[in-house]
>>> print(open('upload-v4.txt').read())   # compact mmCIF, C-alpha atoms
# COMPACT_ATOMS: atom_id res chain seq x y z
CA TYR A 244 144.33 86.87 84.37
CA ARG A 245 143.04 90.30 85.42
CA ILE A 246 139.64 88.82 86.29
CA ALA A 247 141.24 86.09 88.41
CA LYS A 248 143.58 88.64 90.00
CA SER A 249 140.69 90.86 91.06
CA ALA A 250 138.47 88.01 92.33
CA TYR A 251 140.59 85.25 93.92
CA GLN A 252 140.67 86.98 97.32
CA GLN A 253 136.96 86.17 97.80
CA ARG A 254 136.44 83.59 95.05
CA PRO A 255 139.31 81.05 95.24
CA GLU A 256 137.28 78.88 92.89
CA VAL A 257 138.61 81.01 90.00
CA PHE A 258 141.45 78.50 90.21
CA ASN A 259 140.73 75.00 88.94
CA LEU A 260 139.85 73.40 92.29
CA ARG A 261 139.20 70.01 90.68
CA TRP A 262 142.73 69.84 89.30
CA LEU A 263 144.24 71.17 92.55
CA ALA A 264 142.31 68.57 94.54
CA GLU A 265 143.63 65.76 92.34
CA GLU A 266 147.18 67.12 92.54
CA THR A 267 147.23 67.58 96.33
CA GLY A 268 144.87 64.86 97.53
CA LEU A 269 142.79 67.47 99.37
CA ALA A 270 139.06 67.91 98.92
CA GLY A 271 138.05 70.81 96.66
CA GLU A 272 136.35 72.61 99.56
CA GLU A 273 139.52 72.23 101.62
CA VAL A 274 141.62 73.64 98.78
CA ALA A 275 139.36 76.71 98.60
CA ARG A 276 139.42 77.15 102.38
CA ARG A 277 143.21 77.00 102.50
CA ILE A 278 143.68 79.45 99.63
CA HIS A 279 141.33 81.90 101.36
CA ARG A 280 143.07 81.53 104.72
CA LEU A 281 146.54 81.95 103.22
CA TYR A 282 145.46 85.09 101.41
CA GLU A 283 143.69 86.58 104.45
CA ALA A 284 146.89 86.06 106.46
CA HIS A 285 148.85 87.72 103.62
CA LEU A 286 150.99 84.63 103.28
CA ILE A 287 150.37 84.35 99.53
CA LEU A 288 149.74 86.74 96.67
CA PHE A 289 148.67 85.93 93.11
CA ALA A 290 150.84 87.78 90.63
CA ALA A 291 152.34 87.32 87.19
CA ALA A 292 155.78 87.60 85.69
CA PRO A 293 155.35 89.52 82.42
CA ALA A 294 157.89 89.04 79.63
CA VAL A 295 158.64 92.75 79.65
CA HIS A 296 160.54 92.68 76.34
CA VAL A 297 157.27 91.67 74.63
CA CYS A 298 155.71 95.01 75.62
CA GLY A 299 158.78 97.05 74.62
CA GLN A 300 160.34 97.32 78.07
CA GLY A 301 163.72 96.48 79.55
CA LEU A 302 164.24 95.11 83.05
CA TYR A 303 166.80 96.93 85.20
CA TYR A 304 168.16 96.27 88.69
CA TRP A 305 170.31 98.50 90.84
CA PHE A 306 172.28 97.85 94.02
CA GLY A 307 173.02 100.66 96.47
CA LYS A 308 175.12 101.31 99.55
CA PHE A 309 174.65 103.94 102.26
CA ARG A 310 177.56 105.86 103.70
CA PRO A 311 178.97 104.55 107.00
CA GLY A 312 177.10 105.92 109.98
CA THR A 313 173.83 106.52 108.14
CA PHE A 314 171.07 106.44 110.73
CA LEU A 315 168.06 104.16 110.48
CA GLY A 316 165.62 107.00 109.81
CA ALA A 317 167.33 107.87 106.51
CA LYS A 318 167.08 104.25 105.38
CA ASP A 319 163.40 104.19 106.34
CA GLN A 320 162.80 107.30 104.22
CA LEU A 321 164.20 105.55 101.16
CA SER A 322 162.06 102.48 101.88
CA GLU A 323 158.92 104.60 102.28
CA SER A 324 159.63 106.34 98.99
CA CYS A 325 160.10 102.98 97.28
CA ARG A 326 156.85 101.54 98.62
CA HIS A 327 154.84 104.45 97.20
CA ASN A 328 156.61 104.56 93.81
CA ASP A 329 154.73 102.56 91.18
CA LEU A 330 157.77 102.76 88.89
CA VAL A 331 159.65 100.40 91.22
CA TRP A 332 159.03 96.79 90.26
CA ASN A 333 160.86 94.64 92.85
CA ALA A 334 162.60 96.01 95.93
CA TYR A 335 164.51 94.70 98.94
CA GLU A 336 166.07 96.17 102.09
CA THR A 337 169.40 94.46 102.75
CA SER A 338 172.41 94.55 105.06
CA GLY A 339 175.93 93.60 104.07
CA ASP A 340 177.95 94.60 101.02
CA PHE A 341 174.94 96.60 99.78
CA ASP A 342 171.96 98.13 101.60
CA PHE A 343 169.19 97.97 99.02
CA MET A 344 168.34 96.30 95.74
CA GLN A 345 165.54 97.56 93.52
CA SER A 346 164.32 97.09 89.97
CA ALA A 347 162.08 98.62 87.35
CA CYS A 348 160.95 97.94 83.82
CA ALA A 349 161.27 100.85 81.42
CA PRO A 350 161.65 101.41 77.67
CA THR A 351 165.08 103.05 78.02
CA LEU A 352 167.99 103.14 80.45
CA ASP A 353 167.79 106.95 80.41
CA GLN A 354 164.33 106.79 81.92
CA VAL A 355 165.55 104.56 84.75
CA VAL A 356 168.54 106.83 85.42
CA TRP A 357 166.68 110.14 85.47
CA GLU A 358 163.37 109.08 87.02
CA LEU A 359 164.60 106.56 89.59
CA ILE A 360 168.36 106.41 90.07
CA SER A 361 169.23 110.12 90.11
CA PRO A 362 166.79 111.07 92.91
CA GLU A 363 168.27 108.30 95.07
CA ALA A 364 171.89 108.93 94.11
CA THR A 365 171.66 112.60 95.13
CA ARG A 366 170.63 111.71 98.68
CA PRO A 367 173.62 112.68 100.85
CA GLN A 368 173.45 109.33 102.70
CA VAL A 369 173.98 107.24 99.52
CA ASP A 370 177.56 106.21 98.86
CA TRP A 371 177.13 104.42 95.51
CA ILE A 372 174.59 102.82 93.17
CA ARG A 373 175.36 100.15 90.55
CA ILE A 374 172.89 99.89 87.64
CA CYS A 375 172.49 96.39 86.19
CA PRO A 376 170.39 95.90 83.03
CA VAL A 377 168.99 92.36 82.87
CA SER A 378 170.10 90.58 79.72
CA ARG A 379 168.65 87.20 80.70
CA ALA A 380 165.88 86.49 83.21
CA LEU A 381 166.33 82.86 84.22
CA ARG A 382 164.42 82.42 87.50
CA TYR A 383 162.64 84.53 90.09
CA GLU A 384 161.21 83.26 93.40
CA HIS A 385 161.51 79.61 92.24
CA MET A 386 159.68 80.24 88.94
CA ASN A 387 161.71 79.66 85.78
CA LEU A 388 161.35 82.61 83.43
CA TRP A 389 161.56 83.02 79.65
CA ASP A 390 165.38 82.77 79.48
CA ALA A 391 165.64 79.55 81.50
CA PRO A 392 167.84 76.94 79.77
CA ASP A 393 166.61 73.66 78.28
CA SER A 394 163.10 74.97 77.53
CA GLY A 395 162.41 75.11 81.26
CA CYS A 396 160.24 78.25 81.22
CA GLN A 397 157.33 78.10 83.70
CA ASP A 398 158.85 75.21 85.65
CA CYS A 399 158.73 76.00 89.37
CA ARG A 400 161.97 74.76 90.95
CA TRP A 401 162.51 73.82 94.61
CA ALA A 402 165.57 71.97 95.87
CA ASP A 403 165.08 68.42 97.14
CA GLY A 404 163.90 68.56 100.74
CA GLU A 405 163.54 72.36 100.74
CA LEU A 406 159.76 72.37 101.23
CA ALA A 407 160.10 69.86 104.06
CA GLU A 408 162.74 72.08 105.64
CA LEU A 409 160.45 75.07 105.26
CA VAL A 410 157.73 73.27 107.23
CA LYS A 411 160.16 73.00 110.16
CA ARG A 412 161.40 76.60 109.94
CA GLN A 413 158.08 78.36 110.55
CA GLY A 414 154.74 77.86 112.27
CA GLU A 415 152.29 79.59 109.92
CA MET A 416 151.96 76.91 107.23
CA ASP A 417 151.82 73.14 107.32
CA ALA A 418 152.99 70.61 104.74
CA ALA A 419 149.59 70.60 102.99
CA ASP A 420 149.70 74.40 102.60
CA LEU A 421 153.11 74.22 100.96
CA GLN A 422 152.04 71.32 98.78
CA LEU A 423 149.10 73.46 97.64
CA ILE A 424 151.39 76.39 96.78
CA ALA A 425 153.64 74.04 94.81
CA ALA A 426 150.56 72.81 92.92
CA LEU A 427 149.32 76.35 92.21
CA ASN A 428 152.71 77.14 90.65
CA LYS A 429 153.06 73.89 88.70
CA LYS A 430 153.34 74.13 84.93
CA ARG A 431 150.20 72.67 83.36
CA PRO A 432 147.68 73.19 80.53
CA VAL A 433 145.81 76.48 80.78
CA SER A 434 142.53 74.58 81.26
CA ASP A 435 143.95 73.33 84.56
CA TYR A 436 145.01 76.79 85.74
CA PHE A 437 141.61 78.45 85.99
CA ASP A 438 137.92 77.55 86.14
CA PHE A 439 136.76 79.43 83.06
CA PRO A 440 132.99 79.10 83.72
CA VAL A 441 133.60 80.83 87.07
CA LEU A 442 135.63 83.56 85.36
CA ALA A 443 132.82 83.93 82.81
CA GLU A 444 130.21 84.23 85.59
CA ILE A 445 132.25 86.98 87.27
CA SER A 446 133.02 88.92 84.10
CA GLY A 447 130.05 88.27 81.81
CA LEU A 448 132.46 87.20 79.06
CA ASP A 449 132.42 84.01 77.02
CA PRO A 450 134.33 81.15 78.76
CA GLN A 451 135.73 79.73 75.50
CA THR A 452 137.04 83.15 74.51
CA LEU A 453 138.61 83.60 77.95
CA GLU A 454 140.31 80.21 77.78
CA ALA A 455 141.62 80.79 74.24
CA GLY A 456 143.03 84.17 75.22
CA ALA A 457 144.66 82.84 78.38
CA ASP A 458 146.17 79.95 76.42
CA THR A 459 147.70 82.38 73.92
CA VAL A 460 149.17 84.65 76.58
CA ILE A 461 150.55 81.92 78.86
CA HIS A 462 151.90 79.48 76.30
CA ARG A 463 153.55 82.17 74.24
CA GLN A 464 155.36 83.03 77.48
CA MET A 465 154.01 86.57 77.51
CA LEU A 466 152.72 86.17 81.07
CA ILE A 467 153.67 83.57 83.69
CA PRO A 468 151.16 83.15 86.55
CA VAL A 469 152.87 82.79 89.92
CA VAL A 470 151.69 82.54 93.51
CA TYR A 471 154.17 84.45 95.68
CA LEU A 472 155.07 83.03 99.11
CA ASN A 473 155.45 85.87 101.61
CA TRP A 474 158.71 84.70 103.18
CA GLN A 475 159.08 87.76 105.42
CA LYS A 476 155.73 86.95 107.11
CA LEU A 477 157.22 83.53 107.88
CA GLY A 478 160.23 85.10 109.63
CA LEU A 479 162.65 84.09 106.86
CA THR A 480 165.45 86.08 105.23
CA GLN A 481 167.09 85.93 101.81
CA THR A 482 170.79 85.87 100.99
CA ILE A 483 171.58 87.87 97.85
CA PHE A 484 174.80 87.42 95.88
CA ALA A 485 175.98 90.06 93.39
CA VAL A 486 178.69 88.47 91.25
CA ARG A 487 181.23 90.10 88.95
CA LEU A 488 183.12 87.92 86.50
CA ARG A 489 186.62 88.57 85.16
CA GLY A 490 186.85 91.13 82.42
CA ASP A 491 188.15 88.61 79.88
CA VAL A 492 185.14 86.29 80.21
CA THR A 493 183.26 86.18 76.91
CA VAL A 494 179.51 86.63 76.57
CA ASP A 495 178.91 82.99 75.69
CA SER A 496 180.92 81.93 78.76
CA LYS A 497 178.83 84.26 80.94
CA CYS A 498 175.70 82.58 79.58
CA ARG A 499 177.17 79.14 80.28
CA ILE A 500 178.02 80.09 83.88
CA ALA A 501 174.54 81.55 84.41
CA ASP A 502 172.96 78.35 83.07
CA GLU A 503 175.15 76.22 85.34
CA LEU A 504 174.14 78.24 88.38
CA ALA A 505 170.48 78.08 87.34
CA SER A 506 170.81 74.29 87.50
CA VAL A 507 171.23 74.69 91.28
CA PRO A 508 167.61 74.94 92.51
CA GLN A 509 168.65 76.40 95.88
CA PHE A 510 169.31 79.60 93.91
CA HIS A 511 165.61 80.43 93.64
CA THR A 512 166.43 83.64 91.71
CA VAL A 513 168.96 83.97 88.89
CA TRP A 514 169.52 87.11 86.81
CA GLN A 515 172.23 87.69 84.20
CA PHE A 516 173.22 91.34 83.77
CA SER A 517 174.98 93.14 80.93
CA ASP A 518 177.23 96.20 80.62
CA SER A 519 177.36 96.67 84.38
CA HIS A 520 179.50 96.35 87.50
CA TYR A 521 177.95 92.94 88.26
CA ASP A 522 177.31 90.11 85.82
CA LEU A 523 174.99 87.93 87.91
CA GLY A 524 172.42 88.32 90.67
CA LEU A 525 171.42 85.25 92.71
CA ILE A 526 169.15 84.78 95.73
CA ALA A 527 168.65 81.84 98.12
CA CYS A 528 166.60 81.46 101.29
CA SER A 529 168.93 81.83 104.27
CA GLN A 530 167.03 79.26 106.37
CA THR A 531 166.25 76.49 103.86
CA ALA A 532 169.31 76.58 101.57
CA ASP A 533 172.90 75.63 102.39
CA ILE A 534 174.28 79.15 102.10
CA ALA A 535 177.84 78.12 102.99
CA SER A 536 177.84 75.57 100.16
CA LEU A 537 176.43 78.10 97.70
CA ARG A 538 179.03 80.66 98.76
CA GLU A 539 181.78 78.10 98.22
CA ARG A 540 180.32 77.19 94.82
CA LEU A 541 180.67 80.81 93.72
CA ALA A 542 184.11 81.28 95.29
CA SER A 543 185.44 78.17 93.54
CA THR A 544 184.23 79.27 90.10
CA PRO A 545 187.45 80.33 88.30
CA GLU A 546 185.77 83.12 86.33
CA VAL A 547 184.41 84.89 89.43
CA ASP A 548 186.31 88.10 90.19
CA LEU A 549 184.17 89.54 93.00
CA CYS A 550 181.15 88.35 94.98
CA GLY A 551 179.16 90.81 97.08
CA GLU A 552 176.75 89.38 99.62
CA ALA A 553 173.90 90.83 101.66
CA VAL A 554 170.90 89.55 103.61
CA ALA A 555 167.38 90.83 102.89
CA ALA A 556 164.89 90.93 105.74
CA ARG A 557 162.22 92.97 103.92
CA GLN A 558 160.81 93.00 100.41
CA HIS A 559 158.60 95.94 99.44
CA ARG A 560 157.30 94.92 96.01
CA PHE A 561 156.92 91.81 93.88
CA TRP A 562 156.35 92.33 90.14
CA GLY A 563 154.74 95.67 90.95
CA ASN A 564 152.58 94.36 93.82
CA ARG A 565 152.98 96.12 97.16
CA LEU A 566 153.92 93.85 100.06
CA ASP A 567 153.57 96.32 102.98
CA ASP A 568 150.51 94.64 104.45
CA TYR A 569 150.46 96.86 107.55
CA SER A 570 149.57 99.92 105.43
CA GLY A 571 146.32 98.56 104.08
CA MET A 572 147.83 98.67 100.57
CA TRP A 573 148.67 94.97 100.31
CA GLU A 574 148.65 93.81 96.68
CA GLN A 575 148.08 97.26 95.17
CA CYS A 576 149.88 96.95 91.87
CA ALA A 577 150.81 98.58 88.59
CA GLY A 578 151.55 96.77 85.35
CA PRO A 579 154.76 97.33 83.36
CA THR A 580 153.15 100.00 81.19
CA GLU A 581 150.52 101.31 83.63
CA ALA A 582 153.03 103.09 85.86
CA ARG A 583 153.79 105.43 82.95
CA ALA A 584 150.28 105.68 81.53
>>> encode(input="upload-v4.txt", output="structure tokens")
Amino acid sequence: YRIAKSAYQQRPEVFNLRWLAEETGLAGEEVARRIHRLYEAHLILFAAAPAVHVCGQGLYYWFGKFRPGTFLGAKDQLSESCRHNDLVWNAYETSGDFDFMQSACAPTLDQVVWELISPEATRPQVDWIRICPVSRALRYEHMNLWDAPDSGCQDCRWADGELAELVKRQGEMDAADLQLIAALNKKRPVSDYFDFPVLAEISGLDPQTLEAGADTVIHRQMLIPVVYLNWQKLGLTQTIFAVRLRGDVTVDSKCRIADELASVPQFHTVWQFSDSHYDLGLIACSQTADIASLRERLASTPEVDLCGEAVAARQHRFWGNRLDDYSGMWEQCAGPTEARA
């Protein structure tokens, strides 16, 4: 994975172009050309979702709200700090019931509180911060994660007609581009993910050893390859729901509700939290999903006590990868343990 990550920008053939050509109906040369163009335009980014619990980490989110009247410059300062902080794992700027949502992976909650939350909470402009440890990671940016129900890990989920709607909502990518991204994210044998002779040529390592290692890591769900679609470059926004369930809802019922909501593919991100102000975090694309229907779905769920909602127009990091392409630091990243090395 690290070899492919460091080379795909100039060598898209690290991916299995033969399989991608068969899946999309495009010629192999055309597949390579499109991958290169999409990367050069910073429309895609090759990343990986690591099962952080395997490496002794927990995944934590926090939602925050600024005090009324906070000027834009103070919000920009927090965003700038976030972009430069390798401890931050995923991060959004939002407007609505909360003003930012960030996450980190860390071995203990204390580390998150003292290294990340406290410096933000002491800013005079911050009104409140809610810390939400992730108990189940079901889906993120359309990719089913290790806690997805029905053995659905590594399945990339899009709602029916959502890719076609996305073609109409922006002018940067055509239907073939989106079909290619769907193919890159499709669950398949590890031999169809990468071209191991190419990886061997780049690295000087044995191709059979590389393939065996990749097969172990991917199919034990330690690492899930994912090609991120840079929605903000497409002029899209994301609607984020932070849901609190009634206090008398049992843990097994919370899991059932999370699984039911994960069955709705328009929720491209589904987190279940524990021991926190919110029990669920869900995200849907504002332009391609039926947000009113999703909002009604949550409001009509008897166990829902409170549902906060905000719209994200900017995302700063994706699984540790920087997304601020204007800074020249696009894709600079830190792994879950490297940030504390």
>>> residues_around(input="upload-v4.txt", residues="stretch 380-396 of chain A", least_positions_apart="2", cutoff="6 Å", atoms="all atoms listed in the file", output="PyMOL selection string")
chain A and resi 398-400+511-514
>>> residues_around(input="upload-v4.txt", residues="A:Ala291", least_positions_apart="3", cutoff="9 Å", atoms="all atoms listed in the file", output="ChimeraX atom specification")
/A:244,466-470,562
>>> closest_atom_pairs(input="upload-v4.txt", of="stretch 389-467 of chain A", to="stretch 523-538 of chain A", cutoff="8 Å", atoms="all atoms listed in the file", output="JSON lines")
{"residue": "A:Glu405", "atom": "CA", "partner": "A:Thr531", "partner_atom": "CA", "distance": 5.8}
{"residue": "A:Glu408", "atom": "CA", "partner": "A:Thr531", "partner_atom": "CA", "distance": 5.9}
{"residue": "A:Leu409", "atom": "CA", "partner": "A:Thr531", "partner_atom": "CA", "distance": 6.1}
{"residue": "A:Arg412", "atom": "CA", "partner": "A:Gln530", "partner_atom": "CA", "distance": 7.2}
>>> closest_atom_pairs(input="upload-v4.txt", of="stretch 451-544 of chain A", to="stretch 333-357 of chain A", cutoff="10 Å", atoms="all atoms listed in the file", output="CSV")
residue,atom,partner,partner_atom,distance
A:Thr480,CA,A:Thr337,CA,9.6
A:Gln481,CA,A:Thr337,CA,8.9
A:Thr482,CA,A:Thr337,CA,8.9
A:Ile483,CA,A:Thr337,CA,8.5
A:Phe484,CA,A:Asp340,CA,9.4
A:Ala485,CA,A:Asp340,CA,9.1
>>> atom_distance(input="upload-v4.txt", atom1="atom CA of A:Thr459", atom2="atom CA of A:Ile278")
26.2 Å
>>> residues_around(input="upload-v4.txt", residues="A:Gln451", least_positions_apart="5", cutoff="9 Å", atoms="all atoms listed in the file", output="list in words")
Phe439, Pro440, Ala443 and Gly456 of chain A
>>> atom_distance(input="upload-v4.txt", atom1="atom CA of A:Gly563", atom2="atom CA of A:Val331")
6.8 Å
>>> atom_distance(input="upload-v4.txt", atom1="atom CA of A:Leu286", atom2="atom CA of A:Lys411")
16.3 Å
>>> residues_near_point(input="upload-v4.txt", point="(182.7, 93.4, 92.2)", cutoff="6 Å", atoms="all atoms listed in the file", output="MDAnalysis selection string")
chainID A and resid 487 549:550
>>> build_atoms(input="upload-v4.txt", residues="stretch 272-292 of chain A", atoms="N, CA and C atoms", output="PDB file, keeping the file's coordinate frame")
ATOM      1  N   GLU A 272     136.749  71.614  98.564  1.00  0.00           N
ATOM      2  CA  GLU A 272     136.350  72.610  99.560  1.00  0.00           C
ATOM      3  C   GLU A 272     137.527  72.974 100.467  1.00  0.00           C
ATOM      4  N   GLU A 273     138.355  71.982 100.775  1.00  0.00           N
ATOM      5  CA  GLU A 273     139.520  72.230 101.620  1.00  0.00           C
ATOM      6  C   GLU A 273     140.553  73.073 100.875  1.00  0.00           C
ATOM      7  N   VAL A 274     140.715  72.822  99.590  1.00  0.00           N
ATOM      8  CA  VAL A 274     141.620  73.640  98.780  1.00  0.00           C
ATOM      9  C   VAL A 274     141.179  75.099  98.816  1.00  0.00           C
ATOM     10  N   ALA A 275     139.884  75.335  98.591  1.00  0.00           N
ATOM     11  CA  ALA A 275     139.360  76.710  98.600  1.00  0.00           C
ATOM     12  C   ALA A 275     139.538  77.350  99.964  1.00  0.00           C
ATOM     13  N   ARG A 276     139.272  76.595 101.030  1.00  0.00           N
ATOM     14  CA  ARG A 276     139.420  77.150 102.380  1.00  0.00           C
ATOM     15  C   ARG A 276     140.859  77.545 102.665  1.00  0.00           C
ATOM     16  N   ARG A 277     141.794  76.709 102.242  1.00  0.00           N
ATOM     17  CA  ARG A 277     143.210  77.000 102.500  1.00  0.00           C
ATOM     18  C   ARG A 277     143.679  78.211 101.688  1.00  0.00           C
ATOM     19  N   ILE A 278     143.281  78.297 100.435  1.00  0.00           N
ATOM     20  CA  ILE A 278     143.680  79.450  99.630  1.00  0.00           C
ATOM     21  C   ILE A 278     143.157  80.735 100.275  1.00  0.00           C
ATOM     22  N   HIS A 279     141.909  80.709 100.723  1.00  0.00           N
ATOM     23  CA  HIS A 279     141.330  81.900 101.360  1.00  0.00           C
ATOM     24  C   HIS A 279     142.061  82.252 102.638  1.00  0.00           C
ATOM     25  N   ARG A 280     142.367  81.256 103.461  1.00  0.00           N
ATOM     26  CA  ARG A 280     143.070  81.530 104.720  1.00  0.00           C
ATOM     27  C   ARG A 280     144.469  82.093 104.463  1.00  0.00           C
ATOM     28  N   LEU A 281     145.179  81.504 103.522  1.00  0.00           N
ATOM     29  CA  LEU A 281     146.540  81.950 103.220  1.00  0.00           C
ATOM     30  C   LEU A 281     146.534  83.381 102.701  1.00  0.00           C
ATOM     31  N   TYR A 282     145.524  83.714 101.891  1.00  0.00           N
ATOM     32  CA  TYR A 282     145.460  85.090 101.410  1.00  0.00           C
ATOM     33  C   TYR A 282     145.105  86.047 102.551  1.00  0.00           C
ATOM     34  N   GLU A 283     144.114  85.704 103.357  1.00  0.00           N
ATOM     35  CA  GLU A 283     143.690  86.580 104.450  1.00  0.00           C
ATOM     36  C   GLU A 283     144.834  86.852 105.412  1.00  0.00           C
ATOM     37  N   ALA A 284     145.721  85.884 105.591  1.00  0.00           N
ATOM     38  CA  ALA A 284     146.890  86.060 106.460  1.00  0.00           C
ATOM     39  C   ALA A 284     148.041  86.749 105.729  1.00  0.00           C
ATOM     40  N   HIS A 285     147.831  87.105 104.473  1.00  0.00           N
ATOM     41  CA  HIS A 285     148.850  87.720 103.620  1.00  0.00           C
ATOM     42  C   HIS A 285     150.111  86.862 103.531  1.00  0.00           C
ATOM     43  N   LEU A 286     149.889  85.560 103.463  1.00  0.00           N
ATOM     44  CA  LEU A 286     150.990  84.630 103.280  1.00  0.00           C
ATOM     45  C   LEU A 286     151.228  84.326 101.805  1.00  0.00           C
ATOM     46  N   ILE A 287     150.221  84.553 100.963  1.00  0.00           N
ATOM     47  CA  ILE A 287     150.370  84.350  99.530  1.00  0.00           C
ATOM     48  C   ILE A 287     149.789  85.545  98.784  1.00  0.00           C
ATOM     49  N   LEU A 288     150.221  85.683  97.541  1.00  0.00           N
ATOM     50  CA  LEU A 288     149.740  86.740  96.670  1.00  0.00           C
ATOM     51  C   LEU A 288     149.799  86.232  95.243  1.00  0.00           C
ATOM     52  N   PHE A 289     148.709  86.359  94.507  1.00  0.00           N
ATOM     53  CA  PHE A 289     148.670  85.930  93.110  1.00  0.00           C
ATOM     54  C   PHE A 289     149.184  87.054  92.229  1.00  0.00           C
ATOM     55  N   ALA A 290     150.214  86.763  91.480  1.00  0.00           N
ATOM     56  CA  ALA A 290     150.840  87.780  90.630  1.00  0.00           C
ATOM     57  C   ALA A 290     151.146  87.146  89.276  1.00  0.00           C
ATOM     58  N   ALA A 291     151.909  87.851  88.481  1.00  0.00           N
ATOM     59  CA  ALA A 291     152.340  87.320  87.190  1.00  0.00           C
ATOM     60  C   ALA A 291     153.671  87.934  86.824  1.00  0.00           C
ATOM     61  N   ALA A 292     154.513  87.122  86.217  1.00  0.00           N
ATOM     62  CA  ALA A 292     155.780  87.600  85.690  1.00  0.00           C
ATOM     63  C   ALA A 292     155.584  87.909  84.216  1.00  0.00           C
TER      64      ALA A 292
END
